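Student: For reference, the structure I am asking about is given below.
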Amino acid sequence: MTSSTKQEIQPVTISFTEELSPGIFLIGFKRRFDFMAGQVIGIAIRKDDARRLYSICSGEQDEEISILYKVVEEGYLTPQLSDLEAGDTIWVTPPAGEFTGTPGPAVWVAAGTGIAPFYSMLRSGLGKNKILLHGNRYLEQFHFYDEFREVLGDNYTRCCSGENDTEVFSGRVTDYLEEQENLDPELKYYLCGSTEMVVETRDILIRKGVPFENIISEIYF
Amino acid sequence: MPEYLFGKTLGELKTVGQSLGLPSFTGNQLAEWLYKKEVSSFGEMTNLSKKARTMLEEKFHIGMAPPIDVQESVDGTRKYLFPALEGKYIETAFIPEKERSTVCVSSQVGCKMGCLFCMTGKQGFQGNLSSGEILNQYRSIPEWKNITNIVYMGMGEPLDNISEVLKSLEVLTSEWGFGLSPRRITVSTIGITPAMLEFLDRSKAHLAVSLHTPFDEERRKLMPVQQVYPLKEVLNEIRSWDFGKQRRVSFEYILFKNFNDSPAHVKELSRILHGIRCRINLIRFHPIPDTPLESPDEETILQFKEKLNSRGIITTIRASRGQDIWAACGLLSTKRLAEK
């Protein structure tokens with residue numbers, strides 16, 4: 001979704017950029033403002049461009065603010081973003097959004113780069129009592145596996161739809177959820193990903209007895 | 001892919017003429033043929049030179065297409081199905097009433113917003129409609145000459161396709177276009193703040209905002225957009241906007257049984273809308289497959305309306321039209337998709 005609010009936009013200098021796996025980048029700049037894990041910022045290459053919203057993918061106390069993104073070949077922003085290097089300038093809006101982490105027990109369900117807000121929550125000390133389902137097409141796309149695994153242990157399930165491995169569930173997160181018989185209806189379920197993933201996951205959860213009031217979604221518009 | 005002319009603004013049509021080395025007035029002539037007269041081919045554009053018509057035919061298509069299916073309700077409402085992107089469909093509703101006739105147009109194929117109560121969202125998002133595809137829904141239905149009002153409330157979130165929606169509004173309301181009054185047009189949004197401000201700035205059409213509950217916590221369970229564009233921010237922007245005397249802002253409110261139909265909701269609505277000259281349209285919920293939501297009974301709906309009215313908020317209940325043919329927007333095209 002594009003954004004061009006009257007919010008103050010400011011230039012920041014890129015401190016690092018890294019292609020984590022083909023087409024998936026992590027880009028960062030020195031943290032200049034506080035935020036709550038799960039919030040988004042608007043990003044633009046030039047000051048007057050429409051801004052696009054991205055979840056922050058770093059902890060509240062980390063020195064740098066990171067953004068995880070996938071290059072959309074036909075897109076406007078991400079192909080240009082992937083050409084930038086450390087030292088280049090981008091424009092960012094202050095953090096906003098209400099998809100923020102809570103300390104209580106919850107289930108996090110992410111697809112692709114929808115992992116970003118949950119990684120931010122993990123790094124901000126909100127990983128305790130959480131169950132994480134993360135879906136990707138390829139094994140190499142589970143970028144933060146070690147850190148999630150260290151905190152969540154067996155409560156971290158990787159769902160891989162394009163490759164098989166003995167340590168992952170073969171299929172999408174929705175396939176995994178379809179197979180579950182005892183989803184806890186009392187837990188909060190936080191979903192982040194594409195519209196299709198969120199809508200399908202929400203339908204499955206509701207069908208399996210989770211009240212819609214316990215489902216909170218963030219869509220990558 | 002051929003380039004389509006229908007839906008282009010006057011400025012764009014002039015550029016087309018210039019690109020072919022045609023006289024500077026060709027753009028105006030094209031606008032007149034496309035939006036004032038009823039032609040279906042370049043050959044009928046008789047005030048263009050034969051050479052110009054040939055050049056246009058070689059490089060462009062007019063870009064109008066008739067609906068491929070129609071369903072008619074017992075109440076006279078008709079729902080048209082138009083082909084859109086490859087193998088996908090969009091829906092358009094024609095709603096005749098005593099003193100006016102409204103067409104409800106789609107702005108996207110599918111939708112990204114994922115609202116819990118919406119059937120279109122279950123299709124996911126396939127793409128934006130062009131200005132021409134939006135306008136074609138108005139111009140290519142048989143009743144188009146009788147249409148008095150246009151509402152952008154069909155499939156998709158109009159303000160997530162802001163540039164094409166604004167172009168279509170320019171064509172609809174310009175003297176060189178269809179020449180309709182912007183006061184006959186309403187654009188609906190779930191509240192994408194930046195695009196809403198752009199729309200308010202660049203158009204004079206009415207604004208309708210999908211509200212559905214005054215409480216943030218409830219709204220984010222119904223509408224994921226609340227996470228990034230909170231209602232409070234949307235209302236603050238509306239409150240500070242000068243709508244003038246003619247332009248109208250309204251709030252759409254679908255009533256859900258035991259969720260957003262309590263006296264507390266009336267009280268909170270009254271509080272958050274304080275200072276905004278507006279009206280509320282209450283909408284009966286027509287359940288979609290697998291929904292956990294239900295519609296309250298008629299008595300509850302009437303009482304909700306009366307309580308809002310007694311608090312000084314002009315509130316109406318939208319007449320349910322075409323229930324026997326659509327039940328919910330997006331149902332027809334989703335069904336057609338499933339058949340494929």
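Letters for chains follow the order of the structure tokens (A, B, ...), residue numbers begin at 1 for each chain, and ligand numbers begin at 1 in the order shown.
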Name all residues at most 12 Å from Leu180 of chain B (count only C-alpha atoms; drop same-chain ones fewer than 3 positions away) and give them as a VMD selection string.

Tutor: chain B and resid 35 to 36 138 145 147 to 150 168 to 177 183 to 185 204 to 205

Student: Do you have, as CSV, the list of residues of chain A lying at most 9 Å from chain B, each with its nearest atom pair and that distance in Å to one decimal, counting only C-alpha atoms and ordered by chain then number?

Tutor:
residue,atom,partner,partner_atom,distance
A:Met1,CA,B:Asp160,CA,6.9
A:Thr2,CA,B:Asp160,CA,7.8
A:Ser3,CA,B:Pro194,CA,5.5
A:Ser4,CA,B:Pro194,CA,5.0
A:Thr5,CA,B:Pro194,CA,4.6
A:Lys6,CA,B:Pro194,CA,7.7
A:Gln39,CA,B:Val228,CA,8.2
A:Val40,CA,B:Val228,CA,7.5
A:Leu53,CA,B:Val228,CA,8.6
A:Ala96,CA,B:Val228,CA,6.6
A:Gly97,CA,B:Val228,CA,4.3
A:Glu98,CA,B:Gln227,CA,4.6
A:Phe99,CA,B:Gln227,CA,5.4
A:Thr100,CA,B:Gln227,CA,8.8
A:Ser194,CA,B:Lys112,CA,8.0
A:Thr195,CA,B:Lys112,CA,5.4
A:Glu196,CA,B:Gly124,CA,4.9
A:Met197,CA,B:Gly124,CA,8.7
A:Val198,CA,B:Gly114,CA,7.4
A:Val199,CA,B:Gly114,CA,6.0
A:Glu200,CA,B:Lys122,CA,7.5
A:Arg202,CA,B:Leu116,CA,8.5
A:Asp203,CA,B:Asp290,CA,7.3
A:Ile206,CA,B:Pro292,CA,7.3
A:Arg207,CA,B:Asp290,CA,7.4
A:Pro211,CA,B:Pro292,CA,8.1
A:Phe212,CA,B:Lys221,CA,6.9
A:Glu213,CA,B:Lys221,CA,5.9
A:Asn214,CA,B:Lys221,CA,7.8
A:Ile215,CA,B:Lys221,CA,6.5
A:Ile216,CA,B:Lys221,CA,5.7
A:Ser217,CA,B:Pro224,CA,5.5
A:Glu218,CA,B:Pro224,CA,5.5
A:Ile219,CA,B:Pro224,CA,6.5
A:Tyr220,CA,B:Lys112,CA,8.3
A:Phe221,CA,B:Lys112,CA,6.1

Student: Can you list every residue in segment 72-291 of chain B that DSSP puts in helix (DSSP H, G or I), as a PyMOL selection string?

Tutor: chain B and resi 120-123+131-139+144-146+158-173+182-184+193-202+216-222+224-227+231-239+263-272

Student: Do a neighbour search on Thr26 of chain B at 6 Å with only C-alpha atoms, toss out local chain neighbours closer than 3 positions, and write the hits as a list in words.

Tutor: Gly17, Pro23 and Gln29 of chain B

Student: Which is closest to Thr102 of chain B among B:Glu298, B:Glu143, B:Glu58, B:Glu44, if we use only C-alpha atoms?

Tutor: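 The shortest atom-to-atom distance to Thr102 of chain B comes from B:Glu143.
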